[in-house]
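For reference, structure.cif (mmCIF, C-alpha atoms and all ligand atoms):
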data_my_file
#
loop_
_atom_site.group_PDB
_atom_site.id
_atom_site.type_symbol
_atom_site.label_atom_id
_atom_site.label_comp_id
_atom_site.auth_asym_id
_atom_site.auth_seq_id
_atom_site.Cartn_x
_atom_site.Cartn_y
_atom_site.Cartn_z
ATOM 1 C CA MET A 902 8.625 34.398 13.040
ATOM 2 C CA SER A 903 8.092 33.886 16.722
ATOM 3 C CA ASN A 904 5.034 31.972 17.876
ATOM 4 C CA THR A 905 4.550 30.848 14.340
ATOM 5 C CA ASP A 906 1.061 29.534 13.620
ATOM 6 C CA ILE A 907 1.522 26.314 11.672
ATOM 7 C CA ARG A 908 -1.383 24.170 10.501
ATOM 8 C CA VAL A 909 -1.236 20.763 8.883
ATOM 9 C CA ILE A 910 -3.804 19.653 6.305
ATOM 10 C CA ILE A 911 -4.165 15.904 5.763
ATOM 11 C CA PRO A 912 -6.483 14.627 3.007
ATOM 12 C CA ALA A 913 -7.622 11.151 3.912
ATOM 13 C CA PHE A 914 -9.767 8.581 2.218
ATOM 14 C CA ASN A 915 -10.244 5.298 4.049
ATOM 15 C CA GLU A 916 -7.068 5.574 6.119
ATOM 16 C CA ARG A 917 -8.323 4.123 9.400
ATOM 17 C CA ASN A 918 -5.128 2.192 10.097
ATOM 18 C CA ALA A 919 -2.745 4.973 9.136
ATOM 19 C CA VAL A 920 -4.191 8.360 9.996
ATOM 20 C CA GLY A 921 -3.944 7.992 13.778
ATOM 21 C CA LEU A 922 -0.239 7.168 13.536
ATOM 22 C CA VAL A 923 0.386 10.078 11.183
ATOM 23 C CA ILE A 924 -1.255 12.445 13.674
ATOM 24 C CA LYS A 925 0.551 10.883 16.620
ATOM 25 C CA GLU A 926 3.974 11.355 15.055
ATOM 26 C CA ILE A 927 3.556 14.985 14.126
ATOM 27 C CA PRO A 928 5.760 16.983 16.510
ATOM 28 C CA LYS A 929 3.159 18.854 18.534
ATOM 29 C CA ASN A 930 5.500 21.453 19.978
ATOM 30 C CA CYS A 931 5.677 23.341 16.701
ATOM 31 C CA ILE A 932 2.189 22.735 15.301
ATOM 32 C CA THR A 933 -0.919 24.780 16.075
ATOM 33 C CA GLU A 934 -3.564 22.554 14.525
ATOM 34 C CA ILE A 935 -3.870 19.337 12.551
ATOM 35 C CA ILE A 936 -6.769 19.240 10.133
ATOM 36 C CA VAL A 937 -7.835 15.934 8.633
ATOM 37 C CA VAL A 938 -10.207 16.183 5.705
ATOM 38 C CA ASP A 939 -12.105 12.961 5.455
ATOM 39 C CA ASN A 940 -13.059 12.595 1.847
ATOM 40 C CA GLY A 941 -16.132 10.415 2.000
ATOM 41 C CA SER A 942 -14.476 7.473 3.736
ATOM 42 C CA SER A 943 -16.583 4.397 4.321
ATOM 43 C CA ASP A 944 -14.459 3.497 7.335
ATOM 44 C CA ASP A 945 -13.987 5.354 10.635
ATOM 45 C CA THR A 946 -11.148 7.613 9.479
ATOM 46 C CA PHE A 947 -13.123 10.623 10.740
ATOM 47 C CA SER A 948 -13.568 9.508 14.339
ATOM 48 C CA ILE A 949 -10.052 8.090 14.561
ATOM 49 C CA ALA A 950 -8.640 11.434 13.425
ATOM 50 C CA GLN A 951 -10.779 13.210 15.987
ATOM 51 C CA LYS A 952 -9.738 10.901 18.801
ATOM 52 C CA ALA A 953 -6.104 11.383 17.878
ATOM 53 C CA GLY A 954 -6.515 15.096 18.469
ATOM 54 C CA ALA A 955 -7.039 16.455 14.983
ATOM 55 C CA THR A 956 -9.769 18.732 13.754
ATOM 56 C CA ALA A 957 -11.739 16.409 11.513
ATOM 57 C CA LEU A 958 -13.659 17.825 8.582
ATOM 58 C CA LYS A 959 -15.867 16.089 6.085
ATOM 59 C CA GLU A 960 -15.779 16.685 2.359
ATOM 60 C CA SER A 961 -18.193 14.255 0.814
ATOM 61 C CA LYS A 962 -17.328 15.009 -2.824
ATOM 62 C CA LYS A 963 -14.248 13.011 -3.817
ATOM 63 C CA GLY A 964 -10.998 14.512 -4.981
ATOM 64 C CA TYR A 965 -7.575 15.072 -3.485
ATOM 65 C CA GLY A 966 -7.513 18.764 -4.398
ATOM 66 C CA ARG A 967 -11.069 19.227 -3.232
ATOM 67 C CA ALA A 968 -10.123 17.878 0.189
ATOM 68 C CA CYS A 969 -7.144 20.256 0.371
ATOM 69 C CA LEU A 970 -9.397 23.143 -0.685
ATOM 70 C CA ALA A 971 -11.855 22.210 2.065
ATOM 71 C CA GLY A 972 -8.986 22.431 4.550
ATOM 72 C CA MET A 973 -8.058 25.868 3.188
ATOM 73 C CA ASP A 974 -11.674 26.987 3.391
ATOM 74 C CA TYR A 975 -11.665 26.063 7.042
ATOM 75 C CA LEU A 976 -8.450 28.065 7.570
ATOM 76 C CA ALA A 977 -9.949 31.089 5.859
ATOM 77 C CA LYS A 978 -12.760 31.063 8.426
ATOM 78 C CA SER A 979 -10.440 30.395 11.337
ATOM 79 C CA GLU A 980 -10.084 33.138 13.951
ATOM 80 C CA GLU A 981 -6.313 33.325 13.664
ATOM 81 C CA THR A 982 -4.520 33.571 10.357
ATOM 82 C CA PRO A 983 -1.915 30.833 9.974
ATOM 83 C CA ASP A 984 1.651 31.649 9.004
ATOM 84 C CA ILE A 985 2.541 28.320 7.416
ATOM 85 C CA VAL A 986 0.488 25.453 6.035
ATOM 86 C CA VAL A 987 1.899 21.947 5.748
ATOM 87 C CA PHE A 988 0.303 19.347 3.477
ATOM 88 C CA LEU A 989 0.795 15.714 4.367
ATOM 89 C CA ASP A 990 -0.841 12.484 3.213
ATOM 90 C CA GLY A 991 -2.786 10.325 5.617
ATOM 91 C CA ASP A 992 -1.267 7.010 4.584
ATOM 92 C CA TYR A 993 1.902 7.017 6.763
ATOM 93 C CA SER A 994 4.214 7.004 3.737
ATOM 94 C CA ASP A 995 5.885 10.194 4.826
ATOM 95 C CA TYR A 996 7.713 10.665 8.108
ATOM 96 C CA PRO A 997 5.645 13.249 10.006
ATOM 97 C CA GLU A 998 8.608 14.180 12.212
ATOM 98 C CA GLU A 999 10.330 15.600 9.119
ATOM 99 C CA ILE A 1000 7.903 18.526 9.315
ATOM 100 C CA GLU A 1001 10.575 20.254 11.339
ATOM 101 C CA GLN A 1002 12.996 20.245 8.401
ATOM 102 C CA LEU A 1003 10.272 21.417 6.019
ATOM 103 C CA ILE A 1004 9.259 24.444 8.051
ATOM 104 C CA LYS A 1005 12.715 25.521 9.166
ATOM 105 C CA PRO A 1006 13.692 27.406 5.968
ATOM 106 C CA ILE A 1007 10.349 29.234 6.016
ATOM 107 C CA MET A 1008 10.632 30.136 9.679
ATOM 108 C CA SER A 1009 14.113 31.530 9.154
ATOM 109 C CA GLY A 1010 12.824 33.637 6.278
ATOM 110 C CA ASN A 1011 14.803 31.868 3.570
ATOM 111 C CA ALA A 1012 11.954 30.256 1.614
ATOM 112 C CA ASP A 1013 8.252 30.662 0.898
ATOM 113 C CA PHE A 1014 7.624 27.136 -0.308
ATOM 114 C CA VAL A 1015 9.496 23.993 0.694
ATOM 115 C CA LEU A 1016 8.858 20.795 -1.211
ATOM 116 C CA GLY A 1017 9.750 17.469 0.339
ATOM 117 C CA SER A 1018 11.442 15.516 -2.440
ATOM 118 C CA ARG A 1019 11.329 11.749 -2.300
ATOM 119 C CA ALA A 1020 13.701 11.643 -5.253
ATOM 120 C CA LEU A 1021 16.378 13.277 -3.085
ATOM 121 C CA GLY A 1022 15.596 11.193 -0.017
ATOM 122 C CA THR A 1023 15.677 7.509 0.788
ATOM 123 C CA LYS A 1024 12.764 5.441 -0.444
ATOM 124 C CA GLU A 1025 11.948 2.120 1.107
ATOM 125 C CA SER A 1026 11.882 -0.449 -1.642
ATOM 126 C CA GLY A 1027 8.309 -0.795 -2.910
ATOM 127 C CA SER A 1028 7.165 2.492 -1.423
ATOM 128 C CA MET A 1029 6.748 4.051 -4.848
ATOM 129 C CA MET A 1030 5.362 2.210 -7.838
ATOM 130 C CA PRO A 1031 7.528 2.162 -11.003
ATOM 131 C CA GLN A 1032 4.811 4.053 -12.885
ATOM 132 C CA GLN A 1033 4.821 6.685 -10.143
ATOM 133 C CA ILE A 1034 8.585 7.145 -10.373
ATOM 134 C CA PHE A 1035 8.354 7.354 -14.152
ATOM 135 C CA GLY A 1036 5.400 9.761 -13.997
ATOM 136 C CA ASN A 1037 7.233 12.070 -11.625
ATOM 137 C CA TRP A 1038 10.312 11.986 -13.830
ATOM 138 C CA LEU A 1039 8.233 12.820 -16.901
ATOM 139 C CA ALA A 1040 6.339 15.625 -15.181
ATOM 140 C CA THR A 1041 9.442 17.233 -13.696
ATOM 141 C CA THR A 1042 11.262 16.922 -17.046
ATOM 142 C CA LEU A 1043 8.375 18.616 -18.865
ATOM 143 C CA MET A 1044 8.339 21.360 -16.252
ATOM 144 C CA ARG A 1045 12.017 21.922 -16.828
ATOM 145 C CA TRP A 1046 11.693 22.023 -20.635
ATOM 146 C CA LEU A 1047 8.517 24.035 -20.869
ATOM 147 C CA TYR A 1048 8.864 26.397 -17.906
ATOM 148 C CA ASP A 1049 12.491 26.168 -16.878
ATOM 149 C CA ILE A 1050 11.215 25.152 -13.437
ATOM 150 C CA LYS A 1051 13.486 22.756 -11.596
ATOM 151 C CA PHE A 1052 11.842 20.211 -9.327
ATOM 152 C CA THR A 1053 12.757 16.595 -8.727
ATOM 153 C CA ASP A 1054 9.385 15.399 -7.409
ATOM 154 C CA LEU A 1055 5.669 16.111 -7.043
ATOM 155 C CA GLY A 1056 5.620 14.843 -3.484
ATOM 156 C CA PRO A 1057 2.588 15.443 -1.290
ATOM 157 C CA PHE A 1058 4.607 16.500 1.768
ATOM 158 C CA ARG A 1059 5.269 20.238 1.575
ATOM 159 C CA ALA A 1060 5.165 23.474 3.552
ATOM 160 C CA ILE A 1061 4.176 26.881 2.288
ATOM 161 C CA ARG A 1062 3.678 30.343 3.725
ATOM 162 C CA TYR A 1063 -0.033 30.976 4.057
ATOM 163 C CA ASP A 1064 0.144 34.327 2.265
ATOM 164 C CA THR A 1065 2.031 32.706 -0.610
ATOM 165 C CA LEU A 1066 -0.534 29.923 -0.771
ATOM 166 C CA LEU A 1067 -3.360 32.456 -1.041
ATOM 167 C CA THR A 1068 -1.684 34.249 -3.949
ATOM 168 C CA LEU A 1069 -1.674 30.970 -5.906
ATOM 169 C CA ASN A 1070 -5.467 30.871 -6.091
ATOM 170 C CA MET A 1071 -5.453 27.075 -6.089
ATOM 171 C CA GLN A 1072 -8.105 25.484 -8.308
ATOM 172 C CA ASP A 1073 -7.420 21.829 -9.010
ATOM 173 C CA LYS A 1074 -9.882 19.498 -7.354
ATOM 174 C CA THR A 1075 -8.143 16.210 -7.994
ATOM 175 C CA TYR A 1076 -4.642 14.966 -8.786
ATOM 176 C CA GLY A 1077 -3.383 18.138 -10.434
ATOM 177 C CA TRP A 1078 -3.236 19.798 -7.020
ATOM 178 C CA THR A 1079 0.423 19.153 -6.240
ATOM 179 C CA ILE A 1080 1.809 20.194 -9.624
ATOM 180 C CA GLU A 1081 -0.476 23.222 -9.838
ATOM 181 C CA MET A 1082 1.023 24.508 -6.598
ATOM 182 C CA GLN A 1083 4.557 23.980 -7.907
ATOM 183 C CA ILE A 1084 3.991 25.645 -11.292
ATOM 184 C CA LYS A 1085 2.167 28.614 -9.804
ATOM 185 C CA ALA A 1086 4.680 29.106 -7.007
ATOM 186 C CA ALA A 1087 7.485 29.206 -9.562
ATOM 187 C CA LYS A 1088 5.558 31.527 -11.887
ATOM 188 C CA ASN A 1089 4.842 33.855 -8.966
ATOM 189 C CA LYS A 1090 8.555 33.935 -8.186
ATOM 190 C CA ALA A 1091 8.093 32.464 -4.730
ATOM 191 C CA ARG A 1092 11.351 31.438 -3.084
ATOM 192 C CA ILE A 1093 11.320 27.673 -3.531
ATOM 193 C CA LEU A 1094 13.444 25.076 -1.835
ATOM 194 C CA GLU A 1095 13.454 21.317 -2.210
ATOM 195 C CA ILE A 1096 14.688 19.210 0.647
ATOM 196 C CA PRO A 1097 15.063 15.432 0.805
ATOM 197 C CA VAL A 1098 12.328 13.523 2.593
ATOM 198 C CA ASN A 1099 12.239 9.823 3.236
ATOM 199 C CA TYR A 1100 9.414 7.610 2.109
ATOM 200 C CA ARG A 1101 8.156 4.218 3.199
ATOM 201 C CA LYS A 1102 5.464 1.768 2.196
ATOM 202 C CA ARG A 1103 2.045 3.098 3.083
ATOM 203 C CA ILE A 1104 -0.252 1.434 5.594
ATOM 204 C CA GLY A 1105 -3.399 0.196 3.872
ATOM 205 C CA ILE A 1106 -4.331 0.154 0.239
ATOM 206 C CA SER A 1107 -3.159 2.674 -2.349
ATOM 207 C CA LYS A 1108 -6.015 4.403 -4.129
ATOM 208 C CA VAL A 1109 -3.988 6.273 -6.708
ATOM 209 C CA SER A 1110 -0.728 4.781 -7.948
ATOM 210 C CA GLY A 1111 -1.666 1.283 -6.833
ATOM 211 C CA THR A 1112 -4.669 1.084 -9.135
ATOM 212 C CA LEU A 1113 -4.803 1.277 -12.933
ATOM 213 C CA LYS A 1114 -7.648 3.768 -12.871
ATOM 214 C CA GLY A 1115 -5.913 5.990 -10.307
ATOM 215 C CA THR A 1116 -2.635 5.891 -12.235
ATOM 216 C CA LEU A 1117 -4.260 6.802 -15.541
ATOM 217 C CA LEU A 1118 -6.415 9.557 -14.057
ATOM 218 C CA ALA A 1119 -3.531 11.027 -12.082
ATOM 219 C CA GLY A 1120 -1.144 10.820 -15.049
ATOM 220 C CA TYR A 1121 -3.640 12.467 -17.363
ATOM 221 C CA LYS A 1122 -4.453 15.191 -14.864
ATOM 222 C CA ILE A 1123 -0.828 15.949 -14.088
ATOM 223 C CA ILE A 1124 0.210 16.215 -17.727
ATOM 224 C CA SER A 1125 -2.813 18.309 -18.689
ATOM 225 C CA THR A 1126 -2.139 20.644 -15.762
ATOM 226 C CA ILE A 1127 1.376 21.235 -17.099
ATOM 227 C CA PHE A 1128 -0.058 22.374 -20.429
ATOM 228 C CA LYS A 1129 -2.921 24.301 -18.859
ATOM 229 C CA TYR A 1130 -0.623 26.874 -17.274
ATOM 230 C CA LEU A 1131 1.717 27.332 -20.237
HETATM 231 N N1 LIG B 1201 -9.300 13.607 -0.670
HETATM 232 C C1 LIG B 1201 -8.976 12.494 -1.253
HETATM 233 N N2 LIG B 1201 -7.922 11.917 -0.833
HETATM 234 C C2 LIG B 1201 -7.604 10.793 -1.406
HETATM 235 C C3 LIG B 1201 -8.343 10.227 -2.466
HETATM 236 N N3 LIG B 1201 -7.724 9.119 -2.825
HETATM 237 C C4 LIG B 1201 -6.665 9.032 -2.011
HETATM 238 N N4 LIG B 1201 -6.625 10.040 -1.158
HETATM 239 C C5 LIG B 1201 -5.650 10.349 -0.119
HETATM 240 O O1 LIG B 1201 -4.554 10.905 -0.779
HETATM 241 C C6 LIG B 1201 -3.349 10.375 -0.265
HETATM 242 C C7 LIG B 1201 -2.609 9.671 -1.376
HETATM 243 O O2 LIG B 1201 -3.346 8.569 -1.832
HETATM 244 P P1 LIG B 1201 -2.688 7.154 -1.966
HETATM 245 O O3 LIG B 1201 -3.775 6.151 -2.065
HETATM 246 O O4 LIG B 1201 -1.689 6.977 -0.888
HETATM 247 O O5 LIG B 1201 -1.980 7.269 -3.344
HETATM 248 P P2 LIG B 1201 -0.491 6.862 -3.699
HETATM 249 O O6 LIG B 1201 0.390 7.595 -2.763
HETATM 250 O O7 LIG B 1201 -0.327 7.254 -5.128
HETATM 251 O O8 LIG B 1201 -0.426 5.392 -3.503
HETATM 252 C C8 LIG B 1201 -3.750 9.486 0.905
HETATM 253 O O9 LIG B 1201 -3.682 10.251 2.080
HETATM 254 C C9 LIG B 1201 -5.180 9.120 0.588
HETATM 255 O O10 LIG B 1201 -5.963 8.878 1.735
HETATM 256 C C10 LIG B 1201 -9.486 10.893 -2.886
HETATM 257 O O11 LIG B 1201 -10.201 10.522 -3.787
HETATM 258 N N5 LIG B 1201 -9.757 12.027 -2.235
HETATM 259 MG MG MG B 1202 0.360 7.355 -0.766
#
Could you take the file, read its structure, and then write that structure out as structure tokens?
Amino acid sequence: MSNTDIRVIIPAFNERNAVGLVIKEIPKNCITEIIVVDNGSSDDTFSIAQKAGATALKESKKGYGRACLAGMDYLAKSEETPDIVVFLDGDYSDYPEEIEQLIKPIMSGNADFVLGSRALGTKESGSMMPQQIFGNWLATTLMRWLYDIKFTDLGPFRAIRYDTLLTLNMQDKTYGWTIEMQIKAAKNKARILEIPVNYRKRIGISKVSGTLKGTLLAGYKIISTIFKYL
């Protein structure tokens, strides 16, 4: 792919101190557009994202998947059709510069979907909660037993061909989003590759794994999504 059109979608909820840095550290030479979907933040995430050079969208109804879907909706209406979509969190846990490693196998035609695996990379101590590590282990083990799908993580940082993404007909509006993409990509026989990504402590407050409610909701949603697509 020459002149590859690559867009980044960043769901963000109250990430005023992180989102600008995430945008700043995305290598601009290879990226066509950065789209931040502000999911009803009460802080100035939206204007900070805009000032940092991103296209800022608003999705007032909460939900991680819903924010990603809003980003996809925007892409569907965009004049040019993207070739690759990268998903990245707005909390500065991932290393935005690693986008280059994620997109490389797709650009060279060797993969349709590249998952950044924190399990294979180096995690700063405290960057993932014990319940998050356990939850990811459980979910990937169930995927292996029930579907014979081999993943080591449900990490948010990932790149996928736009045409592949469209064939998945993504539905989940909350925390099942990441695993839904993985199960459907495998079922659709997409060429999948996992590569190690590094992970550090987020800037700001965790809304999912750092809270009891977020952990329980995410855990429930992830497990039920596994059974939903059996
Ligand atoms: N769209 C949306 N994004 C959220 C919501 N909660 C958290 N996020 C974003 O999703 C990403 C992951 O959330 P985070 O709080 O870091 O969860 P953790 O990684 O499990 O600690 C971050 O970019 C958040 O801003 C939400 O309700 N809706
Ligand atoms: Mg996080």
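With only C-alpha atoms and all ligand atoms as the atoms that count, the set of residues no farther than 7 Å from ligand MG 1202 (chain B) is Asp990, Asp992, Ser994, Arg1103 and Ser1107 of chain A.
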Just want the residues within 8 Å of ligand LIG 1201 (chain B), written as an NGL selection string, counting all atoms listed in the file. :A and (911-916 or 938-941 or 960 or 963-969 or 989-994 or 1029-1030 or 1033 or 1057 or 1075 or 1103 or 1106-1111 or 1115-1116)
Here's the selection I'm unsure about, the PyMOL selection byres (((chain A and resi 1072) around 10) and not hetatm); applied to the file above, which residues does it give, as a PyMOL selection string? chain A and resi 966-967+970+1069-1071+1073-1075+1077-1078+1081-1082
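Distances to Met1008 in chain A were evaluated for A:Asp1054, A:Asp984, A:Glu934, A:Asp944 using only C-alpha atoms, and the minimum falls at A:Asp984.
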Have a look at A:Lys1024, A:Lys952, A:Arg1059, A:Lys1051 and name the one nearest to Ile1084 in chain A; count all atoms listed in the file.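 Closest candidate: A:Lys1051.
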Given the choices A:Leu976, A:Leu1039, A:Leu1047, A:Val1098, which gets closest to Val1015 in chain A if the distance is worked out from all atoms listed in the file? A:Val1098
